[in-house]
Amino acid sequence: MKVKKALLKDTFKEITRTYKRFISILLMALLGVGFFAGLRASSPDMVDSIDSYYKNQNVYDIQVMSTLGLTNDDINAISQIENVESVYGTYSRDGIIKTNEKEIVSKILCIDDVNIAVLVEGNMPQNEDECVVERNFLIGTDKKIGDYIEIEPEKTEEEETEYLKNKKLKIVGVVDSPLYISRERGSTKLGTGTINYFIYVSKENVNSEVYTEIYVKLKDSNKYKTASNKYEDYVEETKDKIEEIKEERENARYEELINEANDEIAKSEEEFNTQKQDAETQILDAENKINDGKKQIEDGEAEIASNEAKANKEFADAEAQIKNAKAEIESNTTELNNRKQEAEEGFKQAENQKAELQETLNNLNFAISGIDSSIANKQNELQTAEDEETKYKLEQEIIVLQATKQGYESNKQSIEAGITEIDTQISSGKAELEKAETQLNNAKAELEKQEEQLEKTKKSTYSQISEAKEELESSKKEIADAEAELETSKAEFNTKIEEAEGKLIDAKEQVAEIEKAEWYILDRQQNAGYASFIQDTKSVENISIVFPIVFFAIAALVSLTSMTRMVEEQRQEIGTLKSLGYNKFHIILKYLIYSSLACIIGGIIGMNIGFQLLPRIIWDMYEMMYTLPKFIVSFNHQYSSTGLGLIYICIVGATLYSILKELKDTPANLLRPKAPKYGKRVLLERITFIWKRLNFSQKVTIRNIFRYKKRFLMTIVGILGCTSLILAGFGIKDSISSILPNQYEDIFNYDIQVSLKTTLTSEQINSYIEELGQKEEIQNILETYMVSGTSAKDEQSETVQIIVPKEKNEIDQTIKLRDVKTKEKFELSEDGVIITDKLSELIGAKVGDTIKLTTSDDEEAEIKVVGITENYVSHYVYMSKELYEKSYGKEYSTNVLMLQDNNLTEEQENSLMQEIVAKNEVSTVTLTATTMKTLDDTMNSLNYVVVILIVSAGLLAFVVLYNLSNINISERIRELATIKVLGFYDKEVYDYVTRETILLTLIGILFGLIAGYFLNSYILGTCEINILRFEKVVKPISYVYATAITIVFSIIVNIVTYFALKKIDMIGSLKSVE
Amino acid sequence: MPYIELKNVCKEYKMGEITIKALNNTNFTIEKGELVVVVGPSGAGKTTALNILGGMDSVTSGDVIVDGKNIAKLKNRELTKYRREDIGFVFQFYNLVQNLTAIENVELATQICKDSLDLDDVMEKVGLRDRKNNFPSQLSGGEQQRVAIARAIAKNPKLLLCDEPTGALDYKTGKQILKLLQDTSRKENMTVIIITHNAAIAPMADKIIRFKNGTAESIEINENPVPVENIEW
C-alpha cells in the first residue's frame, strides 16, 4: 500500500508539474467526447423534442381522408378496429382572407381535442365569431389581437350552405400547431396556389355535413417514441387494418351519396312536374282572362253606342219642350203687358175720381171747420152772454149749426168711403197685375232652370260616354299587353322547362359521374413539417457519425505523441523504478492513472458540455425552420459511455503502447540517456542536383522533417483533418447551392407549371392552350401528360413523376435530357424510358434493365430503360407518347403545361399566375421561383452544418497545432538553445523551427484538400436526401477558403510558438545531459 | 585599457525567498590573445561568469567591458548580436545538432555571421577534413568536440569561451582538444577562456583566474605557459 501511495503522490505531482501536457490530453478527450456525445445526442434530442410535443398535443397516429368526405359511420367503423383508442372527426378548409388589398390564402382548422394547438398569446376562441392565428400571421398581415378578419372559405360546387357560420372573425389569440411545425403550409386551389397561414376557428362555427378528415389515436402509441421503428410498425399494423375496411367504407359512402343524389333528383323532378303543371294552368287562366276581357270590351262598345243614341234622342225631346214653353211664356208676357196698360188707364180714372172726391172732402172739411169755429164762437158768446134770450138764441143758433155740421159730417163719411173704395179697387188691380207678372217670371225662371239642367245632363252624359270609351280603350291596351306578356311568359316557361329538364338530366349524369370514394390512409410521415423534421434528424445523425471519427483519430494521435514524449522524458525514472524492482504493472500504473485521469475528466466535462451545447447549437439553427415549443436536451448514457470508452481506448491505448515499448528495454539501458536520434541522410540528398540547389536552411528543414517522423505524420494528419473538414464544409455548401440552379435553371427551363382540370375535354384543352399561347408573356408551352407513380426494380422502389411530352421532339427546349458526364443529349424513343440518375442509383436500374412502372391509377407496365439522365431534385421517368400509349393502352391526354415566360419579373410572374389560376380550366399553378424558394429554405439548414464543420475544424487545428508546437519545442529544446547561443535572433530561431511546420502545413493542406474532396463526397453521400442528388463538386474558391482558413489557424498557433521560443532558457536547457 | 574587464560584477538568483549570490563583486581583466584558464570548485561562480561574458546571462550589477563595449548594458537583441559576432562557445557536451553533419554544424554558425572563415579551412584546422560529412553520431566524443570548436572558431569570434571542454572526454582526447585550443589561441591570436575544475591544466594558460565563493579570488599571470603536450595529470 505504501508503494501505491508513493506512486499516486508521484502521479499527482507529475500532473501539476506537466499541467500543460495533462490539459492538452484532457482537451483532446473533452473535444472528442464532447463532439461525439453532443453530435450523436443532437438527433435523438430533436426526436425527443418532437416526440414529447406530439404526445402533449395528442397528435394523431393515423389520418384518414376521403375524396367524398367522412361520416359518423366511418368514425364508428374505425373505432371498432383493434388498438384504436379514439377517433376524431374534424374539418378543415382553405379560405381567402382579404386584407390591405392582399389576398391571403389560409387553412381554416378547427379547435379540437386532437392535434391540440398551443396557445402562445391571448385566448382560445370561446365564441363562434372568434379565431386564433399563427405567429407569422400577425407579422405578415399587420393585424393585432382584437382585430377582425373576413374570410371567404372555398366553396364546393354542390354546397348550398356557407361553410362558416361567421365569416367575420375576431382574432383572440396566437397559437402554434403541431401539424405545421415547418414553414411549409401546403398547396391549395385558391389564389396563388400556396397556403400562407393557418387559422383555427371553433368547431361550432363550421357548417359541414361531412368531416374532411378523421384522426386516429392508437392505444399504445404513446409508449413508443415517434419515428422509431417500433412506433412505425405499430402504426403500420393498424393502418393495414383500416386498409381492410377501406373498400367497404368507400362503397358505403358512395352508395349513400348516390342514394342521396337520386332522392334529390326524384324530389326535384317531382317539384319540377308540379311546377310545370302550375305554370301551365296559370297560362291557361291568363288566356281565359284575356278572352273574357275581349268579350267584355265588345259588350261595352255596344252598350255605349246604344246609350249614346238614347241620350241623343232624349235631349232632342227636352230641347223641343223647352222651346214650346218659351213661346208660351212669350205670348203670356205680351198679354200681361196689354193688361197692364189697361189697368194703368183704369187706375188713372180712379185717381181722378179720387182727386174729385178729395176736393169735395176738403171743401166739406173747410165748411165743417168754419161751422166748428162759428160753434166755438157762439159758445164763447154764450159763455159771455148774460141774457137768457141771447143765450137761448145763441143756443138755438148752435143747435142749428150743429145740425148743419152733422149733415156735413155724413156727406164727408160717404165721400171718404168712396175714396177708400177707389183705393181698394186700385190696389187690388195692382196686386192682380203683380201676381200675374210674378207668375210669368216664375215660369220663365223655371224654364231657364230646366234648360240649364238639360245642358248639364247632356254634358255629363256625353262625358260619361267618352269616359267609358276611354276606359274601354285602355282595357283594350291592357288586354294587348296581357297578351304580349302571356307570349313572353310562355316562351320563358318553355325555356325554363327546357333548362330544368336539362338540369335534371345533368344531375342524373352527375350522379352517374360521382366517382367512387377513395380513402387516403396517412400517418405522420405524410405531414410535410414532421417528415422534413425527421429527415433532418437523420441528416444530423449521419453527420454525427462521420465527425467524431476524425476527432477520435486525431485525439489518438495527439495523445500518442504526448505520452510518448512523456515516457521518453521519464525514461530514467522508469529505469530507476525498474531497477528498484517495481514490476511492470506498478510502473505502468502511473501513466495509466495520468492518462486515464486526463481522459475521464476531459471526457466527463466534454460530454456535459457536449450534451448541453451541441444539440442546442444545432437546434438553434434548425429552430429557424421549425416551430417547436420546447427543445429537450437529455443526458444520453449510451452515447456518453460509448464516447468515453472510445476516447479511453484511443488515449490510454496510445499511452500503453508507448510505455510498453519503453519497458522492453533493460533497466541499464533505461538509466542511460537515450541515444539521440541519429542524423540521417534523406533520400533527397541523393538527388544531388536538387539538393545542391537548396540553401543551408532549406536542407536543414528537409532533414528535420524526415527526422521527426511521428511529428511529421501528426502535423500532416492534423492539418489534413482541419483542411479537409473545412473543405468538406464549403464543398457541402457548394453542392447544396448548386442543386437548385442546376435543376431549375439548367435541367428544367420552365417558369410556370400549369395543371389542368381532369374533367376537360380535348377540345377544351386545345382551345385553352391556344388562348394561353396568345399571351405575350408566354414564350413557349410544352404539353405533357404527368402522372405520379412508383418505379421499381426487384425489391427497390421509389416514388416518381412520369412525364410524357405530347411531342417528343419539343421536350428539349423545356427539359434537358442528357448524360451526366458526357452531357450528350438523349432522344425519347419508343424503345424505352429515360430515368433520372438518382433513381437509377436507388433502384439499381441501368441502361438495358427492365423496370416496373406503376402509375397512381394502379396501371402497371414493364418497360426497358434506355437512358439515364442528369437530374438533381426528385425522380422522373420520361417516355414518349407512343410508348405510353403502347404500354398502358390508354390514350394520351395533356394534363400539365410547362410554360416558359419572357423573362418576367417576379411581380409580373405573380400576376400572370393569378390570371392563369383564375381560369376554369386550371387546377393548380406552380411557379418555379416559388418551388426554388421553398427548397432553398430547406437547404439553408444544411448551411449550418458547414458552420459546425468549420468551427470544429478550427478547434481541431488549434489543439493539434498547439500541441505539436509544444512537443516540438520540448523535444528540441537543446537544439534550440544551442542555436540561440550561436546568436540566432528570435526571428531566426522561429524561422528555424517553423520553416518545417510551414512546409508540413502546406503538405497537410495539400493532402487535406484531396482528403476533403473525398470527405465531402462521403458526407454528402451519408446525408444525402433521397430525392436530391448532390453534385459532388467543390468550387475552386472553396479550395482557396479552406487553405486560407487553415493558414490563419496555423499562423495563430505560430504566434504562440514565437513567444514560447523567445522564453527558452539557454543556460537551463544546456546544463543537463541530453 | 584591457581587452576584457569585469568590474564589480554581481549576479544574484532569486529562488523563491532565498537570494543566491552566484557572483559577488568579481573583478578581473583579460588581454587580447590571452589563453585564460579559470579554475575553481563547483558552484564557485566560474560558469556564471563565463555565461555573463558570453552574453548568455545578465548581471545584477557591475560592468562587463569587452573590446571597449559594456555588454552589461546591452539589450536582449544586442546581446544576441554580440553572441553572434563576437563569441564562440564550446560546451562540455558539444551540443551539436544531431541532424546535421559535421560541416553542416559548422555552417549553422557561419551562415549567420558576416566575416566567417572558410569552412574547409576550419575543418582542416581542427583535423576533421576527412570526416566533415559525418553525422555527430558517427563521430567519437573528441571528434564531436572538435566539430564544436570548429563551429565556435569558424565565426572568427573575438572571444572563445570553453566550459569544461574536456569534461566528457578521456585523458588523451582531452589533451588533444586542449592542444587545439592552445594552438588556436597562439596561431590565430584569439582570446580563449577555458573553464575547468581540473587545476592541473592551469600551466598551459597565459593567465590563471581562481574562483572561490562567487568571486575571482586570485589572478595569476603565467609568464611561461607550458605547451599542453608537456602537461601531465
# chains A, B, ... in the order shown; residues from 1 in each chain; ligands from 1

$ interface_residues --of "chain B" --to "chain A" --cutoff "10 Å" --atoms "only C-alpha atoms" --output "ChimeraX atom specification"
/B:47-48,51,54-57,76-89,91-101,104,107-113,134-138,151-152,155

$ residues_around --residues "Pro165 of chain B" --least-positions-apart "4" --cutoff "10 Å" --atoms "only C-alpha atoms" --output "ChimeraX atom specification"
/B:89-94,142,145-146,148-149,161,169,174,177-178,181,194-196

$ closest_residue --among "B:Gln176, B:Asn222, B:Asn230, B:Ser140" --to "Glu34 of chain B" --atoms "only C-alpha atoms"
B:Asn222

$ residues_around --residues "Ile716 of chain A" --least-positions-apart "6" --cutoff "10 Å" --atoms "only C-alpha atoms" --output "list of chain:residue names"
A:Lys710, A:Cys722, A:Leu961, A:Thr997, A:Leu999, A:Leu1000, A:Thr1001, A:Leu1002, A:Ile1003, A:Gly1004, A:Ile1005, A:Leu1006, A:Phe1007, A:Gly1008

$ write_last_selection --atoms "C-alpha atoms" --output "PDB file, in the first residue's frame"
ATOM      1  CA  LYS A 710       5.821  10.937 -35.824  1.00  0.00           C
ATOM      2  CA  CYS A 722      -8.582  20.552 -40.456  1.00  0.00           C
ATOM      3  CA  LEU A 961      -1.013  22.520 -33.875  1.00  0.00           C
ATOM      4  CA  THR A 997       5.901  23.498 -39.624  1.00  0.00           C
ATOM      5  CA  LEU A 999       6.234  23.060 -45.021  1.00  0.00           C
ATOM      6  CA  LEU A1000       4.351  20.366 -43.172  1.00  0.00           C
ATOM      7  CA  THR A1001       1.316  22.570 -43.005  1.00  0.00           C
ATOM      8  CA  LEU A1002       1.482  23.076 -46.732  1.00  0.00           C
ATOM      9  CA  ILE A1003       1.814  19.363 -47.304  1.00  0.00           C
ATOM     10  CA  GLY A1004      -1.038  18.829 -44.858  1.00  0.00           C
ATOM     11  CA  ILE A1005      -3.156  21.340 -46.695  1.00  0.00           C
ATOM     12  CA  LEU A1006      -2.419  19.676 -49.996  1.00  0.00           C
ATOM     13  CA  PHE A1007      -3.400  16.277 -48.698  1.00  0.00           C
ATOM     14  CA  GLY A1008      -6.238  17.872 -46.795  1.00  0.00           C
TER      15      GLY A1008
END

$ select_by_dssp --residues "segment 20-167 of chain B" --states "strand (DSSP E or B)" --output "ChimeraX atom specification"
/B:20-30,35-39,61-66,69-70,87-90,159-163

$ write_last_selection --atoms "N, CA and C atoms" --output "mmCIF file, in the first residue's frame"
data_model
loop_
_atom_site.group_PDB
_atom_site.id
_atom_site.type_symbol
_atom_site.label_atom_id
_atom_site.label_comp_id
_atom_site.auth_asym_id
_atom_site.auth_seq_id
_atom_site.Cartn_x
_atom_site.Cartn_y
_atom_site.Cartn_z
ATOM 1 N N ILE B 20 20.354 33.833 -3.981
ATOM 2 C CA ILE B 20 21.677 33.210 -4.042
ATOM 3 C C ILE B 20 22.608 34.137 -4.807
ATOM 4 N N LYS B 21 23.744 34.427 -4.203
ATOM 5 C CA LYS B 21 24.713 35.268 -4.896
ATOM 6 C C LYS B 21 25.673 34.372 -5.643
ATOM 7 N N ALA B 22 25.491 34.300 -6.955
ATOM 8 C CA ALA B 22 26.368 33.451 -7.755
ATOM 9 C C ALA B 22 27.704 34.157 -7.974
ATOM 10 N N LEU B 23 27.634 35.443 -8.195
ATOM 11 C CA LEU B 23 28.861 36.241 -8.320
ATOM 12 C C LEU B 23 28.798 37.374 -7.321
ATOM 13 N N ASN B 24 29.911 37.558 -6.625
ATOM 14 C CA ASN B 24 29.903 38.585 -5.599
ATOM 15 C C ASN B 24 31.085 39.519 -5.829
ATOM 16 N N ASN B 25 30.798 40.605 -6.515
ATOM 17 C CA ASN B 25 31.829 41.614 -6.699
ATOM 18 C C ASN B 25 33.100 41.052 -7.345
ATOM 19 N N THR B 26 32.892 40.519 -8.522
ATOM 20 C CA THR B 26 34.008 39.903 -9.231
ATOM 21 C C THR B 26 34.719 40.928 -10.110
ATOM 22 N N ASN B 27 36.033 40.895 -10.059
ATOM 23 C CA ASN B 27 36.822 41.780 -10.916
ATOM 24 C C ASN B 27 37.964 40.999 -11.524
ATOM 25 N N PHE B 28 38.106 41.110 -12.828
ATOM 26 C CA PHE B 28 39.345 40.632 -13.462
ATOM 27 C C PHE B 28 39.445 41.234 -14.851
ATOM 28 N N THR B 29 40.621 41.144 -15.423
ATOM 29 C CA THR B 29 40.833 41.660 -16.773
ATOM 30 C C THR B 29 41.535 40.592 -17.590
ATOM 31 N N ILE B 30 41.317 40.655 -18.876
ATOM 32 C CA ILE B 30 41.963 39.727 -19.800
ATOM 33 C C ILE B 30 42.449 40.535 -20.989
ATOM 34 N N LEU B 35 45.356 33.239 -23.435
ATOM 35 C CA LEU B 35 44.668 31.982 -23.135
ATOM 36 C C LEU B 35 44.490 31.943 -21.633
ATOM 37 N N VAL B 36 43.215 31.999 -21.225
ATOM 38 C CA VAL B 36 42.940 32.104 -19.792
ATOM 39 C C VAL B 36 42.304 30.805 -19.317
ATOM 40 N N VAL B 37 42.801 30.313 -18.213
ATOM 41 C CA VAL B 37 42.156 29.164 -17.603
ATOM 42 C C VAL B 37 41.518 29.615 -16.305
ATOM 43 N N VAL B 38 40.206 29.297 -16.198
ATOM 44 C CA VAL B 38 39.504 29.656 -14.967
ATOM 45 C C VAL B 38 39.289 28.366 -14.193
ATOM 46 N N VAL B 39 39.799 28.336 -12.978
ATOM 47 C CA VAL B 39 39.630 27.140 -12.168
ATOM 48 C C VAL B 39 38.906 27.475 -10.873
ATOM 49 N N SER B 61 24.600 43.637 -11.078
ATOM 50 C CA SER B 61 25.227 44.962 -11.055
ATOM 51 C C SER B 61 26.665 44.830 -11.534
ATOM 52 N N GLY B 62 27.272 45.948 -11.882
ATOM 53 C CA GLY B 62 28.645 45.920 -12.347
ATOM 54 C C GLY B 62 28.735 46.081 -13.854
ATOM 55 N N ASP B 63 29.973 46.171 -14.368
ATOM 56 C CA ASP B 63 30.187 46.375 -15.789
ATOM 57 C C ASP B 63 31.019 45.250 -16.353
ATOM 58 N N VAL B 64 30.701 44.918 -17.596
ATOM 59 C CA VAL B 64 31.496 43.921 -18.311
ATOM 60 C C VAL B 64 31.933 44.577 -19.610
ATOM 61 N N ILE B 65 33.194 44.934 -19.697
ATOM 62 C CA ILE B 65 33.677 45.623 -20.890
ATOM 63 C C ILE B 65 34.387 44.608 -21.777
ATOM 64 N N VAL B 66 33.930 44.482 -22.987
ATOM 65 C CA VAL B 66 34.615 43.622 -23.949
ATOM 66 C C VAL B 66 34.966 44.477 -25.150
ATOM 67 N N LYS B 69 33.341 47.753 -25.182
ATOM 68 C CA LYS B 69 31.882 47.800 -25.162
ATOM 69 C C LYS B 69 31.406 47.222 -23.839
ATOM 70 N N ASN B 70 30.486 47.942 -23.189
ATOM 71 C CA ASN B 70 29.963 47.441 -21.925
ATOM 72 C C ASN B 70 28.781 46.533 -22.193
ATOM 73 N N ILE B 87 31.393 36.047 -30.143
ATOM 74 C CA ILE B 87 31.630 34.957 -29.205
ATOM 75 C C ILE B 87 31.588 33.584 -29.863
ATOM 76 N N GLY B 88 32.515 32.747 -29.473
ATOM 77 C CA GLY B 88 32.440 31.339 -29.834
ATOM 78 C C GLY B 88 32.330 30.527 -28.550
ATOM 79 N N PHE B 89 31.370 29.555 -28.540
ATOM 80 C CA PHE B 89 31.174 28.747 -27.343
ATOM 81 C C PHE B 89 31.573 27.303 -27.590
ATOM 82 N N VAL B 90 32.229 26.713 -26.597
ATOM 83 C CA VAL B 90 32.458 25.269 -26.645
ATOM 84 C C VAL B 90 31.957 24.702 -25.329
ATOM 85 N N LEU B 159 36.200 36.234 -28.931
ATOM 86 C CA LEU B 159 36.373 35.541 -27.673
ATOM 87 C C LEU B 159 35.905 34.106 -27.825
ATOM 88 N N LEU B 160 36.775 33.163 -27.445
ATOM 89 C CA LEU B 160 36.362 31.768 -27.492
ATOM 90 C C LEU B 160 36.173 31.291 -26.065
ATOM 91 N N LEU B 161 34.932 30.942 -25.724
ATOM 92 C CA LEU B 161 34.631 30.552 -24.352
ATOM 93 C C LEU B 161 34.400 29.060 -24.308
ATOM 94 N N CYS B 162 35.158 28.366 -23.436
ATOM 95 C CA CYS B 162 35.021 26.920 -23.367
ATOM 96 C C CYS B 162 34.692 26.516 -21.936
ATOM 97 N N ASP B 163 33.483 25.859 -21.799
ATOM 98 C CA ASP B 163 33.040 25.453 -20.469
ATOM 99 C C ASP B 163 33.297 23.963 -20.313
#

$ closest_residue --among "A:Ile371, A:Ala480, A:Val866, A:Ala355" --to "Ile422 of chain A" --atoms "only C-alpha atoms"
A:Ala355

$ select_by_dssp --residues "segment 43-82 of chain B" --states "alpha helix (DSSP H)" --output "JSON, numbers by chain"
{"B": [46, 47, 48, 49, 50, 51, 52, 53, 76, 77, 78, 79, 80, 81, 82]}

$ write_last_selection --atoms "C-alpha atoms" --output "tab-separated table (two decimals), in the first residue's frame"
chain	number	residue	atom	x	y	z
B	46	LYS	CA	33.02	30.36	-12.86
B	47	THR	CA	30.28	29.22	-15.25
B	48	THR	CA	28.14	32.19	-14.29
B	49	ALA	CA	31.00	34.50	-15.09
B	50	LEU	CA	31.51	32.76	-18.40
B	51	ASN	CA	27.84	32.95	-19.25
B	52	ILE	CA	27.83	36.65	-18.48
B	53	LEU	CA	30.90	37.16	-20.55
B	76	ASN	CA	18.44	41.31	-25.50
B	77	ARG	CA	18.73	41.76	-29.22
B	78	GLU	CA	22.12	43.45	-28.91
B	79	LEU	CA	23.26	40.60	-26.74
B	80	THR	CA	22.22	38.16	-29.41
B	81	LYS	CA	24.19	40.20	-31.93
B	82	TYR	CA	27.15	40.16	-29.60
